[in-house]
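Enquirer: What follows is structure_12.txt; its format and atoms are compact mmCIF, C-alpha atoms and all ligand atoms.
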# COMPACT_ATOMS: atom_id res chain seq x y z
CA MET A 1 -34.69 3.08 24.54
CA SER A 2 -33.67 3.05 20.89
CA ASP A 3 -30.34 4.85 21.15
CA CYS A 4 -29.20 3.16 24.37
CA LEU A 5 -26.13 0.91 24.10
CA PHE A 6 -27.28 -1.53 26.77
CA CYS A 7 -30.85 -1.72 25.40
CA LYS A 8 -29.23 -2.68 22.09
CA ILE A 9 -27.22 -5.37 23.88
CA ILE A 10 -30.40 -6.75 25.47
CA ASN A 11 -32.21 -6.95 22.15
CA GLY A 12 -29.22 -8.42 20.32
CA GLN A 13 -28.48 -5.45 18.04
CA ILE A 14 -25.02 -5.22 19.58
CA PRO A 15 -23.16 -8.43 20.46
CA SER A 16 -22.28 -9.30 24.04
CA LEU A 17 -20.96 -12.22 26.00
CA LYS A 18 -24.05 -13.26 27.92
CA VAL A 19 -23.74 -15.11 31.21
CA TYR A 20 -27.34 -14.97 32.44
CA GLU A 21 -30.78 -13.84 31.39
CA ASP A 22 -34.27 -14.08 32.78
CA ASP A 23 -37.52 -12.15 32.15
CA HIS A 24 -36.23 -9.11 34.00
CA VAL A 25 -32.43 -8.95 33.82
CA TYR A 26 -29.46 -9.57 31.55
CA ALA A 27 -25.86 -10.23 32.67
CA PHE A 28 -22.82 -10.10 30.41
CA MET A 29 -19.06 -9.65 30.45
CA ASP A 30 -17.76 -6.11 30.83
CA ILE A 31 -15.79 -5.40 27.65
CA MET A 32 -13.04 -3.66 29.66
CA PRO A 33 -12.83 -5.91 32.71
CA LEU A 34 -11.08 -4.74 35.86
CA THR A 35 -10.56 -8.30 37.07
CA LYS A 36 -11.17 -11.82 35.77
CA GLY A 37 -14.93 -12.39 35.72
CA HIS A 38 -16.00 -8.70 35.85
CA THR A 39 -19.67 -8.90 34.90
CA LEU A 40 -22.43 -6.34 34.40
CA LEU A 41 -25.98 -7.03 35.58
CA ILE A 42 -28.64 -4.82 34.03
CA PRO A 43 -32.44 -4.52 34.13
CA LYS A 44 -34.24 -5.22 30.86
CA THR A 45 -36.42 -2.19 31.56
CA HIS A 46 -34.48 0.90 30.56
CA CYS A 47 -33.76 3.21 33.46
CA LYS A 48 -30.95 5.69 33.51
CA ASP A 49 -29.72 5.23 37.04
CA LEU A 50 -30.67 4.31 40.59
CA PHE A 51 -32.64 7.53 41.07
CA GLU A 52 -34.99 6.61 38.23
CA MET A 53 -35.32 2.92 39.04
CA PRO A 54 -38.82 1.73 39.96
CA GLU A 55 -38.97 -0.46 43.07
CA GLU A 56 -40.15 -3.48 41.09
CA VAL A 57 -37.17 -3.20 38.72
CA ALA A 58 -34.81 -2.94 41.69
CA ARG A 59 -36.39 -5.98 43.33
CA ASN A 60 -35.98 -8.08 40.21
CA LEU A 61 -32.43 -6.89 39.59
CA TYR A 62 -31.16 -7.63 43.06
CA ALA A 63 -33.04 -10.93 43.15
CA ALA A 64 -30.70 -12.11 40.38
CA ALA A 65 -27.49 -10.66 41.84
CA PRO A 66 -26.60 -13.49 44.28
CA LYS A 67 -27.13 -16.10 41.53
CA VAL A 68 -24.70 -14.39 39.16
CA ALA A 69 -22.25 -13.55 41.96
CA ASN A 70 -22.19 -17.16 43.09
CA ALA A 71 -21.62 -18.41 39.54
CA ILE A 72 -18.58 -16.11 39.27
CA LYS A 73 -17.40 -17.32 42.66
CA ALA A 74 -17.80 -20.99 41.68
CA ALA A 75 -16.00 -20.39 38.37
CA PHE A 76 -12.92 -18.51 39.58
CA ASN A 77 -12.75 -18.89 43.35
CA PRO A 78 -12.14 -15.21 44.07
CA THR A 79 -11.36 -14.17 47.64
CA GLY A 80 -13.99 -11.42 47.55
CA MET A 81 -16.21 -9.31 45.33
CA ASN A 82 -17.02 -5.62 45.01
CA THR A 83 -20.42 -4.66 43.65
CA MET A 84 -20.44 -1.13 42.28
CA ASN A 85 -22.93 1.10 40.56
CA ASN A 86 -22.06 4.57 39.29
CA ASN A 87 -24.90 7.08 39.04
CA GLY A 88 -24.25 10.32 37.19
CA GLU A 89 -21.16 11.63 35.44
CA SER A 90 -19.63 12.92 38.66
CA ALA A 91 -19.81 9.38 40.03
CA GLY A 92 -18.10 7.93 36.95
CA GLN A 93 -21.16 6.72 35.02
CA THR A 94 -20.42 6.47 31.31
CA VAL A 95 -23.31 4.31 30.10
CA PHE A 96 -26.69 5.72 31.05
CA HIS A 97 -28.62 2.50 31.45
CA TYR A 98 -28.36 1.32 35.07
CA HIS A 99 -25.77 -1.42 35.58
CA LEU A 100 -24.41 -3.22 38.60
CA HIS A 101 -20.73 -4.09 38.31
CA LEU A 102 -19.86 -7.47 39.85
CA ILE A 103 -16.09 -7.35 40.30
CA PRO A 104 -14.46 -10.43 41.79
CA ARG A 105 -11.36 -9.72 43.88
CA TYR A 106 -8.22 -11.82 44.10
CA ASP A 107 -5.42 -9.86 45.71
CA GLU A 108 -4.15 -6.31 46.14
CA LYS A 109 -2.64 -6.32 42.64
CA ASP A 110 -5.79 -7.50 40.84
CA GLY A 111 -6.55 -4.22 39.04
CA LEU A 112 -9.09 -2.50 41.25
CA LYS A 113 -8.02 0.11 43.76
CA VAL A 114 -10.79 1.49 45.93
CA GLU A 115 -9.66 4.24 48.23
CA TRP A 116 -11.82 5.28 51.18
CA ASN A 117 -10.61 8.51 52.71
CA SER A 118 -12.79 8.94 55.77
CA ARG A 119 -13.69 12.51 56.77
CA GLN A 120 -15.03 11.43 60.12
CA ALA A 121 -13.54 14.49 61.87
CA GLU A 122 -15.79 16.78 59.78
CA PHE A 123 -18.93 14.87 60.75
CA PRO A 124 -19.30 14.64 64.54
CA THR A 125 -22.47 13.08 65.96
CA GLU A 126 -24.44 16.38 66.08
CA ILE A 127 -23.79 16.96 62.38
CA LEU A 128 -24.57 13.34 61.49
CA THR A 129 -27.83 13.59 63.45
CA GLU A 130 -28.82 16.65 61.45
CA ILE A 131 -27.88 14.97 58.16
CA ALA A 132 -29.90 11.84 59.03
CA GLY A 133 -32.89 14.07 59.76
CA GLN A 134 -32.57 15.89 56.45
CA ILE A 135 -32.58 12.60 54.57
CA ARG A 136 -35.55 11.25 56.59
CA GLU A 137 -37.54 14.38 55.82
CA ASN A 138 -37.19 13.61 52.12
CA LEU A 139 -38.29 9.99 52.18
P1 LIG B 1 -19.80 2.91 34.11
O1 LIG B 1 -18.52 3.70 34.01
O2 LIG B 1 -20.12 2.50 35.54
O3 LIG B 1 -20.94 3.60 33.41
O4 LIG B 1 -19.51 1.54 33.41
C1 LIG B 1 -19.74 1.30 32.04
C2 LIG B 1 -19.10 -0.04 31.76
O5 LIG B 1 -19.63 -0.54 30.55
C3 LIG B 1 -17.59 0.03 31.61
O6 LIG B 1 -16.98 -0.81 32.57
C4 LIG B 1 -17.36 -0.46 30.19
O7 LIG B 1 -16.22 -1.25 30.06
C5 LIG B 1 -18.62 -1.25 29.91
N1 LIG B 1 -18.99 -1.33 28.50
C6 LIG B 1 -19.11 -0.30 27.63
N2 LIG B 1 -19.50 -0.76 26.42
C7 LIG B 1 -19.64 -2.11 26.54
C8 LIG B 1 -20.01 -3.16 25.65
N3 LIG B 1 -20.33 -2.92 24.37
N4 LIG B 1 -20.03 -4.43 26.13
C9 LIG B 1 -19.71 -4.67 27.41
N5 LIG B 1 -19.36 -3.74 28.30
C10 LIG B 1 -19.32 -2.47 27.88
ZN ZN B 2 -31.25 1.26 27.93
Once you've parsed the file, please lay out its structure as structure tokens.
Expert:
Amino acid sequence: MSDCLFCKIINGQIPSLKVYEDDHVYAFMDIMPLTKGHTLLIPKTHCKDLFEMPEEVARNLYAAAPKVANAIKAAFNPTGMNTMNNNGESAGQTVFHYHLHLIPRYDEKDGLKVEWNSRQAEFPTEILTEIAGQIRENL
């Protein structure tokens, strides 16, 4: 897409620090890294987010993810890695070309704080059963 920042990165109109490329995907350093080695993996086919991603594009994207993750692991020996993908403004998406964040983790002071506040009490089994059914009905 002509006015898309990440499409411009893929076609070289905007510079980036490339770490990997194949026919289907492009991986490069996040310009505002959360931790050492924070990398973005994107499909070469423009799609806005996960909701709009064709299955084939998803297959090719995730096929490359372990390769890039393992290169980061071999380079910096992190103790873990978060993969994140924000879809939609409410979820924190700021660039509307799908991207998978690969964020290596080192220790609790490494720059990324993910807080999971479980609301398990609001979702007893009967409610969860109903919710699962509603999702299944829409597949
Ligand atoms: P998100 O908030 O999930 O949409 O993430 C967008 C990410 O793109 C942020 O982590 C930015 O730091 C990163 N970013 C934005 N512009 C560039 C750029 N020109 N090169 C590399 N990373 C970028
Ligand atoms: Zn794009």
Enquirer: List all protein, DNA and RNA residues that have any atom at most 10 Å from ligand ZN 2 (chain B), counting all atoms listed in the file, and write the list as a list of chain:residue names.
Expert: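 Sorted by chain and then by number, the residues are A:Met1, A:Ser2, A:Asp3, A:Cys4, A:Leu5, A:Phe6, A:Cys7, A:Lys8, A:Ile9, A:Ile10, A:Ile42, A:Pro43, A:Lys44, A:Thr45, A:His46, A:Cys47, A:Lys48, A:Val95, A:Phe96, A:His97, A:Tyr98, A:His99.
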Enquirer: What lies within 10 Å of region 23-25 of chain A using all atoms listed in the file, ignoring chain neighbours under 2 positions off, as a list in words?
Expert: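 Using all atoms listed in the file, the neighbours found are Ile10, Tyr20, Glu21, Ala27, Leu41, Ile42, Pro43, Lys44, Thr45, Glu56, Val57, Ala58, Arg59, Asn60, Leu61, Tyr62, Ala63, Ala64 and Ala65 of chain A.
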Enquirer: Enclose the full set of atoms of ligand LIG 1 (chain B) listed in the file within a box whose edges lie along x, y and z, apply 5 Å of padding to each of the six sides, and report centre and edge lengths in Å to one decimal as JSON.
Expert:
{"center_x": -18.6, "center_y": -0.5, "center_z": 30.0, "size_x": 14.7, "size_y": 18.4, "size_z": 21.2}
Enquirer: With only C-alpha atoms as the atoms that count, which of A:Ser16, A:Gly80, A:Asn11, A:Pro54 lies nearest to Asp110 (chain A)?
Expert: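 Closest candidate: A:Gly80.
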Enquirer: Ligand LIG 1 (chain B): which residues are within 10 Å, counting only C-alpha atoms and all ligand atoms, as a count of residues only?
Expert: 38
Enquirer: Could you check how far CA of Tyr106 (chain A) sits from CA of Lys73 (chain A), in Å to one decimal?
Expert: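 These atoms are spaced 10.8 Å apart.
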Enquirer: Quick check, in Å to one decimal: how far apart do CA of Ala71 (chain A) and CA of Ile103 (chain A) lie?
Expert: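 These atoms are spaced 12.4 Å apart.
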Enquirer: Measure the distance from CA of Leu102 (chain A) to CA of Val68 (chain A) in Å and round it to one decimal.
Expert: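 One can read the CA of Leu102 (chain A) to CA of Val68 (chain A) distance as 8.5 Å.
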Enquirer: When you count all atoms listed in the file, which of these residues is closest to Thr83 (chain A): A:Pro66, A:Glu126, A:Glu137, A:Ser118?
Expert: A:Pro66
Enquirer: Skipping near chain neighbours, those fewer than 3 positions away, what residues fall within 8 Å of region 75-77 of chain A using only C-alpha atoms, listed as a ChimeraX atom specification?
Expert: /A:36-37,71-72
